[in-house]
Amino acid sequence: MASLARSPSAMSITRIPQGHSKSLQLLKASKVPYVLPFHRIHIRRSPVCCTKFPQWEPSPVTYALTEKAGDKFLDKSSELFETLRSESSDSRDEASITKAEDRTDTTNQPVAQLQFLKWPLWLLGPSVLLGTGMVPTLWLPISTIFIGPNVVSLLSLIGLDCIFNLGCTLFLLMADYCAKSKNLGQASKSKPPVSYQFWNLVATLTGLAIPLMMLFGSQKGYLQPQLPFIPYAVLLGPYILLLSVQMLTEMLTWHWESPIWLVTPVVYEAYRVLQLMRGLKLGVELSAPAWMMHSIRGLVCWWVLILGVQLMRVAWFAGFTARAQRQLSSASADA
């Protein structure tokens, strides 16, 4: 507690003239009411000194009260409240920092747990792709899926390609999950270059335009001997359908900026080579004309070339990523 020191006499004593002392005695004896003319009492305000101060007060402060000050003697006492306000804000900041650290710790725990789920996917994804794409094409006898130049054989081939497309979709989803960063808060988007998108569109449209031109030339009689529509659909119908699905998948990966945009064409083009090799076997069974067989061989060569370019793109992207990381590390070291 603060002790207050006060001056010895704060009140002035009123002086009564000696001439009136006798009259006062008479008045006391006669008991007659008489009003004494007292002078005005002057009270001198004394300064209030604080001898003990709280811990938050920086230095002793003396509040001197004057007649002109009135009720403004607390105008300069804002240091106490500013100190309390700063301490309360500091405590709130520390509480928010601790809450943020606790939140990051709690979020990092499930992230670390999810990393264990990615390890089996490195083997499960390729296994799904192998089981749905390569095994039916390589080990399934051609007589079980091809009965003759009819709609049933066409639907069987399309169903076989749909099984591969399902496995390819699962593989791409697993690859996209494994390609994401360990910290889910960081962005893992990857936008392909415009030149890459243009090259892929040119290659895909070229591979789509060649079979359509062959169909148009056969139906118009420009290519002899003519090939009916059903045998043509059995040979190249699944190829055109899967090529359209590849175009749609690539555009979706570009739009979503998924990191699997570099892997998607490689997977589809590798299967397309096997698909066209299967078409060559079916062409022998259907006794297809020579121009059709040569066209299918040309498509095989075209897509092997495109697949090689895609693999060169993968090597280029690996080198580009290494250079970018080296530049980033050197920039951080200089900073």
# chains A, B, ... in the order shown; residues from 1 in each chain; ligands from 1
>>> residues_around(residues="segment 151-162 of chain A", least_positions_apart="2", cutoff="9 Å", atoms="only C-alpha atoms", output="PyMOL selection string")
chain A and resi 132-133+136-137+145-149+164-167+230-231+233-235+237-239+241-242+275
>>> closest_residue(among="A:Met292, A:Ile240, A:Leu227, A:Leu280", to="Leu212 of chain A", atoms="only C-alpha atoms")
A:Ile240
>>> residues_around(residues="Ile296 of chain A", least_positions_apart="2", cutoff="12 Å", atoms="only C-alpha atoms", output="VMD selection string")
chain A and resid 207 210 to 211 214 232 235 to 236 239 272 to 284 288 to 294 298 to 303
>>> atom_distance(atom1="atom CA of Gly217 of chain A", atom2="atom CA of Asn200 of chain A")
26.0 Å
>>> atom_distance(atom1="atom CA of Trp254 of chain A", atom2="atom CA of Ala203 of chain A")
16.3 Å
>>> atom_distance(atom1="atom CA of Phe198 of chain A", atom2="atom CA of Leu262 of chain A")
13.7 Å
>>> residues_around(residues="Met174 of chain A", least_positions_apart="2", cutoff="9 Å", atoms="only C-alpha atoms", output="PyMOL selection string")
chain A and resi 118+121-122+124-125+169-172+176-179
>>> closest_residue(among="A:Thr206, A:Ser218, A:Gln224, A:Ser258", to="Lys189 of chain A", atoms="only C-alpha atoms")
A:Ser258
